[in-house]
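Engineer: One structure coming up, written as structure tokens, with questions to follow.
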Protein chains: 2
Amino acid sequence: MPADSLTAAGPLSGHVYAVGVGPGAPDLITVRAANIIRHSDVLICPRSSKSFQSMALEIIRPWLKKQMILDASYPMRRDEEATEAFWREIAERAREYTKQGMSVTQITLGDPLIYSTSCYFLLQMQKLLPGHKIHVVPGIAAFQAASARLKNALAVQEDRMLLMPGTDADQVRQSLACCETLVLYKAGRNINLIRSVLEEEDLLDQSSLICYAEQKNEFVCRDLTEYDGHLPGYLASIIVHVRRRRWSGD
Amino acid sequence: MPADSLTAAGPLSGHVYAVGVGPGAPDLITVRAANIIRHSDVLICPRSSKSFQSMALEIIRPWLKKQMILDASYPMRRDEEATEAFWREIAERAREYTKQGMSVTQITLGDPLIYSTSCYFLLQMQKLLPGHKIHVVPGIAAFQAASARLKNALAVQEDRMLLMPGTDADQVRQSLACCETLVLYKAGRNINLIRSVLEEEDLLDQSSLICYAEQKNEFVCRDLTEYDGHLPGYLASIIVHVRRRRWSGD
């Protein structure tokens with residue numbers, strides 16, 4: 001059964017939702033996401049322990065009424081075990097709420113299944129609740145918002161699009177051979193190394209840097225040959241148009 | 001300036017929009033897309049010359065008022081020149097409308113920049129109008145709707161996700177080495193060849209087949225070892241969870 005028939009009237013009692021709220025602008029949320037958020041009994045709002053407020057919570061402010069808000073301040077560490085333990089505890093609390101007949105929604109920036117806290121939450125939730133009580137509502141991911149700013153196709157015809165973190169310059173170099181469009185997330189920390197790779201491969205003028213697309217401090221540099229070294233944020237995306245792969249004929 | 005401030009009050013007079021309407025369910029459209037569609041003077045609705053009606057138009061039916069509808073029945077052929085000529089003509093008509101002060105919106109299934117007719121439309125439009133009069137509104141792509149049904153992460157931590165058409169079994173085999181998650185679009189025509197590749201690589205039980213996610217005739221086969229050979233449609237997606245690439249430590 002398509003989810004729209006399930007959710008048109010809002011979330012179901014005792015069910016859990018992982019909902020993507022999009023990249024930042026409140027109107028880039030889907031109608032379904034807004035609907036579920038508006039009518040949920042409990043909202044789980046992840047927030048990095050390093051930040052003062054949940055960006056996702058800011059996005060959904062127009063849809064807040066009297067939902068109970070569970071502020072999930074998680075450890076911003078590359079530690080598998082600590083991450084798992086944190087989300088297991090959140091999932092256990094979510095299950096307690098569902099036992100009382102409440103609907104529980106975890107909100108997340110972007111899309112819940114693309115580099116998101118929801119991936120961890122869902123993994124733990126699936127150990128505690130039957131599958132039919134767990135739902136995922138997709139959201140606009142940051143790379144979609146970034147490319148919409150550039151107005152250039154991510155993929156047409158036979159193109160391959162590869163999405164990966166821009167954390168390792170060598171792996172970036174290798175990946176250029178595997179795709180027509182390369183999208184690098186979290187490119188802020190290694191921006192200079194990545195730039196060197198793109199310069200060596202003669203791809204600087206086919207590369208763009210975008211930070212905070214659809215947020216207040218949005219920054220767009222369409223052509224990395226013109227990039228002045230100013231990095232507005234760690235969560236920068238780089239989109240590289242490596243080549244094109246046209247139709248090979250029928 | 002973030003687009004929300006531009007578009008909160010609807011589309012601007014004399015401007016052109018390429019708007020993604022999502023995978024099929026009317027409530028998986030974004031608030032911004034619905035807003036722009038509702039207040040546009042002209043809607044361009046692409047439709048394959050092989051189909052009776054525009055699927056995108058069905059999705060936005062709740063938002064139709066008195067917009068002028070331009071039915072863009074395009075040639076479903078792998079012919080670069082014919083495709084270009086077709087969209088040049090549509091773009092020229094769009095420019096004529098903008099000269100009269102109208103707002104023009106081309107709607108498309110999924111996301112406008114991911115294997116979409118909008119890619120061709122935008123390319124032609126950019127030759128006729130200044131950039132600041134052209135806007136792109138992202139939409140939920142089919143692969144996001146498909147993975148939301150499966151409730152499995154597409155990418156976490158250091159994972160790479162590769163999206164490509166599943167039209168060539170050899171290229172599918174090669175791509176398995178380049179990513180942790182492989183998403184194949186249009187996998188219907190070569191489903192048996194692709195299955196053979198996945199079987200050889202011992203990946204059948206890590207592969208799912210999804211057709212028409214969020215549409216009436218949705219079909220989900222979570223595990224290709226259990227696939228009975230029945231193919232509900234040509235526009236099938238296959239999602240292969242090849243491996244995981246965990247944090248390598250800080």
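Convention: chains lettered A, B, ... in structure tokens order; per-chain residue numbering from 1; ligands numbered from 1 as shown.
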Which residues of chain A are close to chain B, meaning at most 6 Å apart when you count only C-alpha atoms, and how do they look as a PyMOL selection string?
Structural biologist: chain A and resi 2+27-32+113-115+119+136+148+153-156+160-164+214
Engineer: Could you take the residues named above and write them with C-alpha atoms, as an mmCIF file, in the first residue's frame?
Structural biologist:
data_model
loop_
_atom_site.group_PDB
_atom_site.id
_atom_site.type_symbol
_atom_site.label_atom_id
_atom_site.label_comp_id
_atom_site.auth_asym_id
_atom_site.auth_seq_id
_atom_site.Cartn_x
_atom_site.Cartn_y
_atom_site.Cartn_z
ATOM 1 C CA PRO A 2 1.480 3.387 -0.942
ATOM 2 C CA ASP A 27 9.405 25.414 2.279
ATOM 3 C CA LEU A 28 11.678 22.657 0.957
ATOM 4 C CA ILE A 29 9.971 20.178 3.263
ATOM 5 C CA THR A 30 7.497 17.762 1.651
ATOM 6 C CA VAL A 31 3.799 18.005 2.347
ATOM 7 C CA ARG A 32 3.937 14.514 3.885
ATOM 8 C CA LEU A 113 18.958 7.551 4.413
ATOM 9 C CA ILE A 114 21.833 9.679 3.090
ATOM 10 C CA TYR A 115 24.569 10.337 5.704
ATOM 11 C CA CYS A 119 20.385 5.580 9.660
ATOM 12 C CA VAL A 136 10.734 6.590 6.395
ATOM 13 C CA ALA A 148 19.536 23.357 -7.996
ATOM 14 C CA ALA A 153 22.283 18.412 -14.616
ATOM 15 C CA LEU A 154 23.698 15.917 -12.128
ATOM 16 C CA ALA A 155 23.096 13.044 -14.553
ATOM 17 C CA VAL A 156 21.492 12.507 -17.959
ATOM 18 C CA ARG A 160 26.937 7.872 -13.492
ATOM 19 C CA MET A 161 26.720 10.078 -10.399
ATOM 20 C CA LEU A 162 28.890 9.245 -7.407
ATOM 21 C CA LEU A 163 28.245 10.715 -3.956
ATOM 22 C CA MET A 164 30.915 10.382 -1.269
ATOM 23 C CA GLU A 214 19.081 27.038 1.192
#
Engineer: Would you return as a ChimeraX atom specification the members of region 135-220 of chain A that DSSP assigns to helix (DSSP H, G or I) on this structure's backbone?
Structural biologist: /A:142-150,169-178,191-200,204-206
Engineer: Mind the document's chain letters and residue numbers, and return as JSON, numbers by chain the residues of region 23-165 of chain A that DSSP labels strand (DSSP E).
Structural biologist: {"A": [42, 43, 44, 45, 46, 47, 48, 68, 69, 70, 71, 72, 73, 74, 104, 105, 106, 107, 108, 134, 135, 136, 137, 161, 162, 163, 164, 165]}
Engineer: Record the distance separating CA of Ile238 (chain A) and CA of Lys186 (chain A), expressed in Å with one decimal.
Structural biologist: 8.6 Å
Engineer: Could you check the closest approach to Val104 (chain B) for each of B:Lys65, B:Arg244, B:Lys133, B:Lys127 and tell me which residue wins, using only C-alpha atoms?
Structural biologist: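 Among the listed residues, B:Lys133 lies closest to Val104 (chain B).
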Engineer: Counting only C-alpha atoms, figure out which residue out of B:Met125, B:Cys221, B:Ile191, B:Ala56 gets nearest to Trp87 (chain B).
Structural biologist: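 Looking only at the distances to Trp87 (chain B), the closest residue turns out to be B:Met125.
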